[in-house]
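Visitor: Provided herewith: structure_22.csv, CSV, C-alpha atoms.
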chain,number,residue,atom,x,y,z
W,19,MET,CA,239.3,77.2,14.9
W,20,THR,CA,235.7,77.0,15.9
W,21,GLY,CA,234.9,80.4,14.3
W,22,THR,CA,236.6,79.3,11.1
W,23,LYS,CA,234.7,76.1,10.9
W,24,ASP,CA,231.4,77.9,11.6
W,25,ASP,CA,232.1,80.4,8.8
W,26,ARG,CA,232.9,77.7,6.4
W,27,SER,CA,229.9,75.5,7.2
W,28,ARG,CA,227.4,78.3,7.5
W,29,PRO,CA,227.9,80.5,4.4
W,30,ARG,CA,226.2,83.8,5.0
W,31,ALA,CA,224.5,84.1,1.6
W,32,VAL,CA,222.5,80.8,2.0
W,33,LEU,CA,219.9,81.8,4.5
W,34,PRO,CA,218.8,85.2,2.9
W,35,ALA,CA,219.0,83.6,-0.6
W,36,LEU,CA,216.7,80.7,0.4
W,37,CYS,CA,214.3,83.1,2.1
W,38,VAL,CA,214.0,85.0,-1.2
W,39,THR,CA,213.7,81.9,-3.4
W,40,GLN,CA,211.1,80.2,-1.1
W,41,ILE,CA,208.9,83.3,-1.3
W,42,THR,CA,209.3,83.4,-5.1
W,43,SER,CA,209.0,79.7,-5.9
W,44,TRP,CA,206.0,79.1,-3.6
W,45,GLY,CA,204.4,82.3,-4.8
W,46,ILE,CA,204.7,81.7,-8.5
W,47,VAL,CA,204.7,77.9,-8.9
W,48,TYR,CA,202.1,77.2,-6.2
W,49,TYR,CA,199.9,80.2,-5.2
W,50,ALA,CA,199.6,81.9,-8.6
W,51,PHE,CA,197.4,79.0,-9.8
W,52,PHE,CA,194.6,79.8,-7.4
W,53,VAL,CA,194.4,83.3,-8.7
W,54,LEU,CA,194.6,82.4,-12.4
W,55,ASN,CA,192.6,79.2,-12.4
W,56,PRO,CA,189.2,81.0,-12.8
W,57,GLU,CA,190.5,82.8,-15.9
W,58,ILE,CA,192.0,79.6,-17.2
W,59,THR,CA,188.7,77.7,-17.1
W,60,ALA,CA,186.8,80.7,-18.5
W,61,ALA,CA,189.2,81.2,-21.4
W,62,THR,CA,189.7,77.6,-22.4
W,63,GLY,CA,186.4,75.9,-21.5
W,64,TRP,CA,188.4,73.3,-19.4
W,65,SER,CA,186.5,72.2,-16.3
W,66,THR,CA,187.7,73.4,-12.9
W,67,GLY,CA,188.0,69.7,-11.9
W,68,ALA,CA,190.3,69.0,-14.8
W,69,THR,CA,192.6,72.0,-14.2
W,70,THR,CA,192.7,71.3,-10.4
W,71,ALA,CA,193.5,67.7,-11.1
W,72,ALA,CA,196.5,68.8,-13.2
W,73,PHE,CA,197.7,71.0,-10.3
W,74,SER,CA,197.2,68.1,-7.8
W,75,LEU,CA,199.1,65.8,-10.1
W,76,GLY,CA,202.1,68.2,-9.8
W,77,LEU,CA,201.9,67.9,-6.0
W,78,ILE,CA,201.8,64.2,-6.2
W,79,VAL,CA,204.8,64.1,-8.5
W,80,SER,CA,206.6,66.5,-6.2
W,81,GLY,CA,206.1,64.1,-3.2
W,82,LEU,CA,207.3,61.0,-5.2
W,83,ALA,CA,210.3,62.8,-6.8
W,84,GLY,CA,211.3,64.1,-3.3
W,85,ILE,CA,212.6,60.6,-2.5
W,86,PRO,CA,215.4,60.4,-5.2
W,87,VAL,CA,216.0,64.2,-4.7
W,88,GLY,CA,216.7,63.6,-1.1
W,89,ARG,CA,219.4,61.0,-1.9
W,90,ILE,CA,221.1,63.4,-4.3
W,91,LEU,CA,221.0,66.1,-1.7
W,92,ASP,CA,222.7,63.9,0.9
W,93,HIS,CA,225.6,63.2,-1.4
W,94,ARG,CA,226.0,66.3,-3.6
W,95,GLY,CA,224.4,69.2,-1.7
W,96,PRO,CA,221.6,71.6,-2.8
W,97,ARG,CA,223.3,73.8,-5.5
W,98,ALA,CA,222.8,71.7,-8.6
W,99,VAL,CA,219.5,70.3,-7.5
W,100,MET,CA,217.9,73.7,-6.6
W,101,THR,CA,219.4,75.5,-9.7
W,102,LEU,CA,218.1,72.8,-12.1
W,103,GLY,CA,214.8,72.9,-10.2
W,104,SER,CA,214.5,76.6,-10.9
W,105,VAL,CA,215.2,76.0,-14.6
W,106,LEU,CA,212.5,73.3,-14.7
W,107,GLY,CA,210.1,75.6,-12.9
W,108,ALA,CA,210.5,78.3,-15.5
W,109,LEU,CA,210.1,75.7,-18.3
W,110,SER,CA,207.1,74.2,-16.7
W,111,LEU,CA,205.3,77.6,-16.5
W,112,VAL,CA,206.1,78.3,-20.2
W,113,THR,CA,204.7,74.8,-21.0
W,114,ILE,CA,201.5,75.6,-19.0
W,115,ALA,CA,201.2,79.0,-20.6
W,116,THR,CA,201.5,77.7,-24.1
W,117,SER,CA,199.5,74.5,-23.7
W,118,PRO,CA,197.0,74.1,-26.6
W,119,ASN,CA,195.1,71.3,-24.8
W,120,LEU,CA,194.7,69.6,-21.4
W,121,THR,CA,197.3,66.9,-22.3
W,122,VAL,CA,200.0,69.5,-22.5
W,123,PHE,CA,198.6,71.3,-19.5
W,124,PHE,CA,199.0,68.2,-17.5
W,125,ALA,CA,202.5,67.7,-18.8
W,126,GLY,CA,203.4,71.2,-17.7
W,127,TRP,CA,202.2,70.5,-14.2
W,128,THR,CA,204.0,67.2,-14.1
W,129,LEU,CA,207.2,69.2,-14.9
W,130,ALA,CA,206.2,71.7,-12.2
W,131,GLY,CA,206.0,68.8,-9.7
W,132,LEU,CA,209.7,68.0,-10.4
W,133,SER,CA,210.5,71.6,-9.9
W,134,MET,CA,208.7,71.7,-6.6
W,135,ALA,CA,210.6,68.7,-5.4
W,136,ALA,CA,213.9,70.4,-6.2
W,137,THR,CA,213.1,73.9,-4.9
W,138,PHE,CA,210.4,73.9,-2.2
W,139,TYR,CA,210.9,73.4,1.5
W,140,GLN,CA,212.4,69.9,1.4
W,141,PRO,CA,215.7,70.7,-0.3
W,142,ALA,CA,215.9,74.0,1.6
W,143,PHE,CA,215.4,72.1,4.8
W,144,ALA,CA,218.1,69.6,3.9
W,145,ALA,CA,220.6,72.4,3.1
W,146,LEU,CA,219.9,74.3,6.3
W,147,THR,CA,220.0,71.1,8.4
W,148,ARG,CA,223.4,70.1,7.2
W,149,TRP,CA,224.9,73.6,7.3
W,150,TRP,CA,223.3,74.9,10.5
W,151,ALA,CA,223.0,71.8,12.8
W,152,PRO,CA,222.7,71.7,15.7
W,153,ASP,CA,221.1,75.2,15.6
W,154,HIS,CA,219.0,74.3,12.5
W,155,ILE,CA,215.6,75.0,14.1
W,156,ARG,CA,216.3,78.8,14.1
W,157,ALA,CA,217.3,78.7,10.4
W,158,LEU,CA,214.3,76.5,9.5
W,159,THR,CA,212.0,78.9,11.3
W,160,ILE,CA,213.3,81.9,9.5
W,161,VAL,CA,212.9,80.2,6.1
W,162,THR,CA,209.4,79.1,6.8
W,163,LEU,CA,208.4,82.5,8.1
W,164,ALA,CA,209.7,83.9,4.8
W,165,GLY,CA,207.9,81.2,2.8
W,166,GLY,CA,204.7,82.2,4.6
W,167,LEU,CA,204.8,85.5,2.8
W,168,ALA,CA,204.6,83.9,-0.6
W,169,SER,CA,200.9,84.3,-1.0
W,170,THR,CA,201.0,87.8,0.6
W,171,VAL,CA,203.5,88.9,-2.1
W,172,PHE,CA,202.5,87.0,-5.2
W,173,ALA,CA,198.7,86.6,-4.9
W,174,PRO,CA,198.1,90.3,-5.3
W,175,LEU,CA,200.9,90.6,-7.9
W,176,THR,CA,199.3,87.8,-9.9
W,177,ALA,CA,195.9,89.5,-9.6
W,178,VAL,CA,197.4,92.7,-11.0
W,179,LEU,CA,198.9,90.8,-14.0
W,180,ALA,CA,195.6,89.1,-14.6
W,181,GLU,CA,193.8,92.5,-14.8
W,182,HIS,CA,196.0,93.6,-17.6
W,183,LEU,CA,197.1,90.4,-19.4
W,184,THR,CA,195.6,87.0,-20.3
W,185,TRP,CA,196.3,84.1,-18.1
W,186,ARG,CA,198.9,82.8,-20.6
W,187,GLN,CA,200.7,86.1,-20.7
W,188,SER,CA,200.6,86.3,-16.9
W,189,TYR,CA,202.2,82.9,-16.6
W,190,LEU,CA,204.9,83.9,-19.1
W,191,VAL,CA,205.7,87.0,-17.1
W,192,LEU,CA,205.8,85.0,-13.9
W,193,ALA,CA,208.1,82.4,-15.5
W,194,ALA,CA,210.5,85.2,-16.4
W,195,VAL,CA,210.4,86.5,-12.8
W,196,LEU,CA,211.0,83.0,-11.4
W,197,ALA,CA,214.0,82.5,-13.7
W,198,ALA,CA,215.5,85.9,-13.1
W,199,ILE,CA,215.3,85.6,-9.3
W,200,THR,CA,215.8,81.9,-8.4
W,201,ILE,CA,218.2,80.5,-11.0
W,202,PRO,CA,221.1,83.0,-10.1
W,203,ALA,CA,220.2,82.9,-6.4
W,204,HIS,CA,220.6,79.1,-6.2
W,205,ALA,CA,223.6,79.0,-8.5
W,206,LEU,CA,225.6,81.7,-6.7
W,207,ALA,CA,224.5,81.5,-3.1
W,208,LEU,CA,224.8,77.8,-2.7
W,209,ARG,CA,228.4,77.5,-3.9
W,210,ALA,CA,229.9,76.8,-0.5
W,211,PRO,CA,231.5,73.4,0.1
W,212,TRP,CA,228.9,70.8,1.1
W,213,PRO,CA,229.9,69.7,4.6
W,214,PRO,CA,230.5,65.9,5.0
W,215,ALA,CA,227.7,64.1,6.7
W,216,PRO,CA,228.3,63.2,10.3
W,217,PRO,CA,229.5,59.6,10.4
W,218,ALA,CA,226.7,57.2,11.2
W,219,PRO,CA,227.3,55.2,14.4
W,220,ALA,CA,228.2,51.5,13.9
W,221,HIS,CA,224.9,50.3,15.4
W,222,ALA,CA,222.7,48.9,12.6
W,223,ALA,CA,219.6,50.7,13.8
W,224,ASP,CA,221.3,54.0,12.8
W,225,ARG,CA,222.0,53.0,9.2
W,226,ALA,CA,219.6,54.5,6.6
W,227,GLU,CA,218.5,51.1,5.3
W,228,ALA,CA,217.7,49.8,8.8
W,229,VAL,CA,215.8,53.0,9.6
W,230,THR,CA,213.6,52.8,6.5
W,231,ARG,CA,212.7,49.2,7.3
W,232,SER,CA,211.9,50.0,10.9
W,233,ARG,CA,208.4,50.1,12.4
W,234,PRO,CA,208.9,53.5,14.0
W,235,PHE,CA,209.8,55.1,10.7
W,236,TRP,CA,206.7,53.8,8.8
W,237,VAL,CA,204.4,54.4,11.8
W,238,LEU,CA,205.7,58.0,11.8
W,239,ALA,CA,205.1,58.3,8.1
W,240,ALA,CA,201.5,57.1,8.6
W,241,VAL,CA,201.0,59.5,11.5
W,242,PHE,CA,202.2,62.4,9.3
W,243,THR,CA,200.1,61.3,6.3
W,244,LEU,CA,196.8,61.1,8.3
W,245,SER,CA,197.6,64.4,10.0
W,246,ALA,CA,198.4,66.2,6.7
W,247,PHE,CA,195.2,64.9,5.2
W,248,ALA,CA,193.1,66.1,8.1
W,249,LEU,CA,194.8,69.5,8.3
W,250,TYR,CA,194.8,70.4,4.6
W,251,ALA,CA,191.4,69.0,3.9
W,252,GLY,CA,190.2,71.3,6.7
W,253,VAL,CA,191.9,74.3,5.1
W,254,VAL,CA,190.2,73.8,1.7
W,255,ALA,CA,186.9,73.0,3.3
W,256,LEU,CA,186.8,76.0,5.7
W,257,VAL,CA,185.2,78.4,3.2
W,258,PRO,CA,182.4,76.0,2.1
W,259,LEU,CA,181.8,75.2,5.8
W,260,LEU,CA,181.2,78.8,6.7
W,261,LEU,CA,179.1,79.4,3.6
W,262,GLU,CA,177.0,76.4,4.5
W,263,ARG,CA,176.4,78.1,7.9
W,264,GLY,CA,175.2,81.3,6.3
W,265,TYR,CA,178.3,83.5,6.5
W,266,THR,CA,179.2,85.7,3.6
W,267,THR,CA,182.0,85.0,1.1
W,268,SER,CA,183.9,87.9,2.6
W,269,GLN,CA,183.5,86.6,6.1
W,270,ALA,CA,184.7,83.2,5.0
W,271,ALA,CA,187.7,84.7,3.2
W,272,TRP,CA,188.7,86.6,6.3
W,273,ALA,CA,188.6,83.5,8.4
W,274,LEU,CA,190.8,81.7,5.9
W,275,GLY,CA,193.2,84.6,5.7
W,276,LEU,CA,193.5,84.9,9.5
W,277,GLY,CA,194.3,81.2,9.6
W,278,GLY,CA,197.3,82.0,7.4
W,279,ALA,CA,198.3,84.6,9.9
W,280,GLY,CA,198.1,81.9,12.6
W,281,GLN,CA,200.5,79.8,10.6
W,282,THR,CA,203.1,82.5,10.9
W,283,LEU,CA,202.5,82.7,14.6
W,284,GLY,CA,202.8,78.9,15.0
W,285,ARG,CA,206.2,79.0,13.2
W,286,MET,CA,207.5,81.6,15.7
W,287,LEU,CA,206.4,79.5,18.6
W,288,TYR,CA,207.9,76.2,17.4
W,289,ALA,CA,211.5,76.9,18.7
W,290,PRO,CA,210.5,77.4,22.3
W,291,LEU,CA,208.1,74.4,22.1
W,292,ALA,CA,211.0,72.2,20.7
W,293,HIS,CA,213.2,73.4,23.5
W,294,ARG,CA,210.8,72.3,26.2
W,295,THR,CA,209.4,69.1,24.8
W,296,GLY,CA,210.7,65.8,23.4
W,297,PRO,CA,209.9,64.6,19.9
W,298,ALA,CA,207.1,62.2,20.8
W,299,THR,CA,205.4,64.6,23.2
W,300,ARG,CA,205.6,67.5,20.8
W,301,THR,CA,204.2,65.3,17.9
W,302,ALA,CA,201.3,64.0,20.0
W,303,VAL,CA,200.4,67.4,21.4
W,304,LEU,CA,200.4,69.2,18.0
W,305,ILE,CA,198.4,66.5,16.3
W,306,LEU,CA,195.8,66.4,19.2
W,307,LEU,CA,195.5,70.2,19.0
W,308,GLY,CA,194.9,69.9,15.3
W,309,GLY,CA,192.1,67.4,16.0
W,310,LEU,CA,190.6,69.6,18.7
W,311,THR,CA,190.5,72.7,16.6
W,312,THR,CA,189.0,70.8,13.7
W,313,ALA,CA,186.4,69.3,16.1
W,314,ALA,CA,185.6,72.8,17.5
W,315,LEU,CA,185.0,74.1,14.0
W,316,ALA,CA,182.7,71.2,13.4
W,317,LEU,CA,180.7,71.9,16.5
W,318,THR,CA,180.7,75.7,16.6
W,319,PRO,CA,178.3,77.6,14.4
W,320,GLY,CA,179.2,81.0,15.9
W,321,PRO,CA,179.5,83.7,16.9
W,322,TYR,CA,181.8,84.9,14.1
W,323,ALA,CA,184.5,86.2,16.5
W,324,LEU,CA,184.8,82.7,17.9
W,325,ILE,CA,185.1,81.2,14.4
W,326,LEU,CA,187.9,83.6,13.6
W,327,THR,CA,189.7,82.6,16.9
W,328,LEU,CA,189.4,78.9,16.0
W,329,SER,CA,190.7,79.6,12.5
W,330,VAL,CA,193.7,81.4,13.9
W,331,LEU,CA,194.4,78.5,16.4
W,332,ALA,CA,194.0,75.9,13.6
W,333,GLY,CA,196.5,78.0,11.5
W,334,THR,CA,198.9,78.1,14.5
W,335,VAL,CA,198.9,74.3,14.6
W,336,ARG,CA,199.5,74.0,10.8
W,337,GLY,CA,202.5,76.4,11.2
W,338,ASN,CA,204.0,74.2,13.9
W,339,PHE,CA,203.2,71.1,11.8
W,340,THR,CA,205.5,72.3,9.0
W,341,LEU,CA,208.4,72.6,11.3
W,342,LEU,CA,207.5,69.4,13.1
W,343,GLN,CA,207.9,67.5,9.8
W,344,ALA,CA,211.1,69.4,9.0
W,345,THR,CA,212.8,68.3,12.3
W,346,ALA,CA,211.3,64.8,12.6
W,347,VAL,CA,214.3,63.0,11.1
W,348,THR,CA,217.0,64.9,13.0
W,349,ASP,CA,215.1,64.5,16.3
W,350,ARG,CA,215.0,60.7,15.9
W,351,TRP,CA,217.8,59.6,13.6
W,352,GLY,CA,220.2,62.5,13.3
W,353,THR,CA,221.5,64.4,10.2
W,354,THR,CA,223.6,61.8,8.4
W,355,HIS,CA,220.9,60.7,6.0
W,356,TYR,CA,218.5,63.6,6.4
W,357,GLY,CA,217.7,64.1,2.7
W,358,ARG,CA,216.9,60.5,2.0
W,359,LEU,CA,214.9,59.9,5.1
W,360,SER,CA,213.1,63.1,4.9
W,361,GLY,CA,212.1,62.5,1.3
W,362,LEU,CA,210.7,59.1,2.1
W,363,LEU,CA,208.9,60.4,5.2
W,364,SER,CA,207.3,63.3,3.4
W,365,ALA,CA,206.2,61.6,0.2
W,366,PRO,CA,203.0,60.0,1.5
W,367,ALA,CA,202.1,63.1,3.5
W,368,MET,CA,202.6,65.3,0.3
W,369,THR,CA,200.4,62.9,-1.6
W,370,ALA,CA,197.7,63.1,1.1
W,371,SER,CA,197.8,66.9,1.0
W,372,ALA,CA,197.4,66.8,-2.8
W,373,LEU,CA,194.4,64.5,-2.6
W,374,ALA,CA,192.8,66.2,0.4
W,375,PRO,CA,190.8,68.8,-1.5
W,376,PHE,CA,189.2,66.3,-3.8
W,377,ALA,CA,188.5,63.8,-1.0
W,378,GLY,CA,187.0,66.5,1.2
W,379,ALA,CA,184.7,67.8,-1.5
W,380,ALA,CA,183.6,64.2,-2.4
W,381,LEU,CA,182.9,63.2,1.2
W,382,ALA,CA,181.0,66.3,2.2
W,383,ALA,CA,177.7,65.6,0.4
W,384,PRO,CA,177.4,61.9,1.4
W,385,LEU,CA,178.2,62.8,5.0
W,386,GLY,CA,175.4,65.4,5.0
W,387,GLY,CA,177.4,68.6,5.0
W,388,TYR,CA,180.8,70.1,5.8
W,389,HIS,CA,180.3,70.1,9.5
W,390,HIS,CA,180.1,66.3,9.4
W,391,LEU,CA,183.3,66.3,7.3
W,392,PHE,CA,185.1,68.3,9.9
W,393,GLY,CA,184.0,65.7,12.5
W,394,ILE,CA,185.5,63.0,10.4
W,395,LEU,CA,188.7,64.9,9.9
W,396,ALA,CA,188.9,65.4,13.7
W,397,ALA,CA,188.6,61.6,14.1
W,398,VAL,CA,191.4,61.1,11.6
W,399,SER,CA,193.7,63.4,13.7
W,400,LEU,CA,192.8,61.4,16.8
W,401,LEU,CA,193.7,58.2,15.0
W,402,ALA,CA,197.1,59.7,14.0
W,403,ALA,CA,197.8,60.8,17.6
W,404,LEU,CA,197.2,57.3,18.8
W,405,GLY,CA,200.1,56.0,16.6
W,406,VAL,CA,202.7,58.4,18.0
W,407,PRO,CA,203.8,56.1,20.9
W,408,TRP,CA,204.9,53.6,18.3
W,409,ALA,CA,206.7,56.2,16.1
W,410,SER,CA,209.8,56.6,18.3
W,411,PRO,CA,213.0,54.5,17.8
W,412,SER,CA,214.2,52.6,20.8
W,413,ASN,CA,217.6,54.3,20.6
W,414,PRO,CA,216.9,57.9,19.4
W,415,LYS,CA,220.0,59.5,18.1
W,416,ALA,CA,221.1,62.9,19.5
W,417,VAL,CA,221.2,65.7,17.0
W,418,ARG,CA,224.7,66.5,16.0
Would it be possible to restate this file's structure as structure tokens?
Guide:
Amino acid sequence: MTGTKDDRSRPRAVLPALCVTQITSWGIVYYAFFVLNPEITAATGWSTGATTAAFSLGLIVSGLAGIPVGRILDHRGPRAVMTLGSVLGALSLVTIATSPNLTVFFAGWTLAGLSMAATFYQPAFAALTRWWAPDHIRALTIVTLAGGLASTVFAPLTAVLAEHLTWRQSYLVLAAVLAAITIPAHALALRAPWPPAPPAPAHAADRAEAVTRSRPFWVLAAVFTLSAFALYAGVVALVPLLLERGYTTSQAAWALGLGGAGQTLGRMLYAPLAHRTGPATRTAVLILLGGLTTAALALTPGPYALILTLSVLAGTVRGNFTLLQATAVTDRWGTTHYGRLSGLLSAPAMTASALAPFAGAALAAPLGGYHHLFGILAAVSLLAALGVPWASPSNPKAVR
């Protein structure tokens, strides 16, 4: 009977399908923008600030839309949500590609934000957590490792398209690729029956309404928001920091790229870390490590080999942080209301991540340079770590 139940609750097609769709969705809807944006601004005359603001608006919409999407996932499962999200993703790229002005361009990225909420990590995590629990960490790790390849696959592909086509034509081709891969993958691979949620215990503290009103939940949301801001502002600011210190653009790009390799390493290390530590300890350690690597980058002008090492370490922390957020709800409140709680928990952190590039650039000059900005970001991480002891419920619920 156990084997039959496992076969039913863990459909074989789900994990490979989500690996493919995460690579494709992240690569096309998210990373292609960074490759095409210089051509967009050159061809249209729109400012880089305006086009980047449209992209950031999409990220903010994604974070806010993730809250109702999480509720739907809890009750109906991922198939309809992720399939519709793929359709919206393709439509958003067509809208962006054909936009005659900035107003329509912003509208296209708003639609893309809805697509991100329905197709990126959050709904994939909800699906795997329900289907794979209590062994969900392994499935989450595999999907995030695959997602980490999105820029590796689609940044060069987008660059090749941009060499032969206009930015508008490139986006239309990418929209067709996105539709051809992700719509049928989500519609066909996620057809398995959605397992019923584990029944919530009678104790009021385990009901979703009580959790969302509790101090630990909102302190944890604040901890993740501060940490996300510090981590992702540091990613965007790394290149200008190194340029400020006299390194070449190529050297700065290598440091940033090796940081991405560190993220993959971090995701591989998360499962053994989770096995050996509790949620509070793991959260505090990772956030402190993020602050320490940020502070080290602020204080270390060289040599270049040391800078590369610090960038890899910072990337390792970021890779762990993705899975730390993915498992935060199940570690503390179980899987019953994962979609809803996870959506609420991630919304402010997603918003902070979207605003981090603008805030970092705006603060660097008044602070006297990017090395001072990194010092401030390290202090933000320390502040986040100080909140961890108040972010654990008094009666943590075992993962089912």
Visitor: Can you work out which one of W:Ala239, W:Leu256, W:Leu120, W:Ala365 has the shortest atom-to-atom distance to Gly67 in chain W, counting only C-alpha atoms?
Guide: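 Nearest candidate to Gly67 in chain W out of W:Ala239, W:Leu256, W:Leu120, W:Ala365: W:Leu120.
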Visitor: Of the residues W:Tyr250, W:Ser245, W:Gln343, W:Val53, which is the one nearest to Leu362 in chain W, using all atoms listed in the file?
Guide: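 Checking each of W:Tyr250, W:Ser245, W:Gln343, W:Val53 against Leu362 in chain W, counting all atoms listed in the file, the winner is W:Gln343.
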Visitor: Which residue out of W:Thr176, W:Thr354, W:Gln40, W:Thr369 has the minimum interatomic distance to Phe242 in chain W when all atoms listed in the file are used?
Guide: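 Ranking W:Thr176, W:Thr354, W:Gln40, W:Thr369 by distance to Phe242 in chain W, first place goes to W:Thr369.
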Visitor: Can you work out which one of W:Leu274, W:Leu260, W:Ala194, W:Leu400 has the shortest atom-to-atom distance to Ile46 in chain W, counting all atoms listed in the file?
Guide: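 Closest to Ile46 in chain W of all the choices is W:Ala194.
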Visitor: So that each row is one residue of range 193-267 of chain W with an atom at most 12 Å from range 321-326 of chain W, can you give its shortest atom pair and the distance in Å to one decimal, using all atoms listed in the file, rows by chain and rising number, as CSV?
Guide:
residue,atom,partner,partner_atom,distance
W:Leu256,CA,W:Ile325,CA,10.3
W:Val257,CA,W:Ile325,CA,11.5
W:Leu259,CA,W:Ile325,CA,11.0
W:Leu260,CA,W:Ile325,CA,9.0
W:Arg263,CA,W:Tyr322,CA,10.7
W:Gly264,CA,W:Tyr322,CA,10.8
W:Tyr265,CA,W:Tyr322,CA,8.5
W:Thr266,CA,W:Tyr322,CA,10.8
Visitor: I want to know what sits within 7 Å of Gly166 in chain W, based on all atoms listed in the file, with residues of the same chain fewer than 3 positions away left out; could you give that as a list in words?
Guide: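 Once the adjacent positions are removed, what remains is Thr162, Leu163 and Thr282 of chain W.
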Visitor: Of the residues W:Leu146, W:Ala246, W:Val253, W:Ala380, which is the one nearest to Ile160 in chain W, using only C-alpha atoms?
Guide: W:Leu146
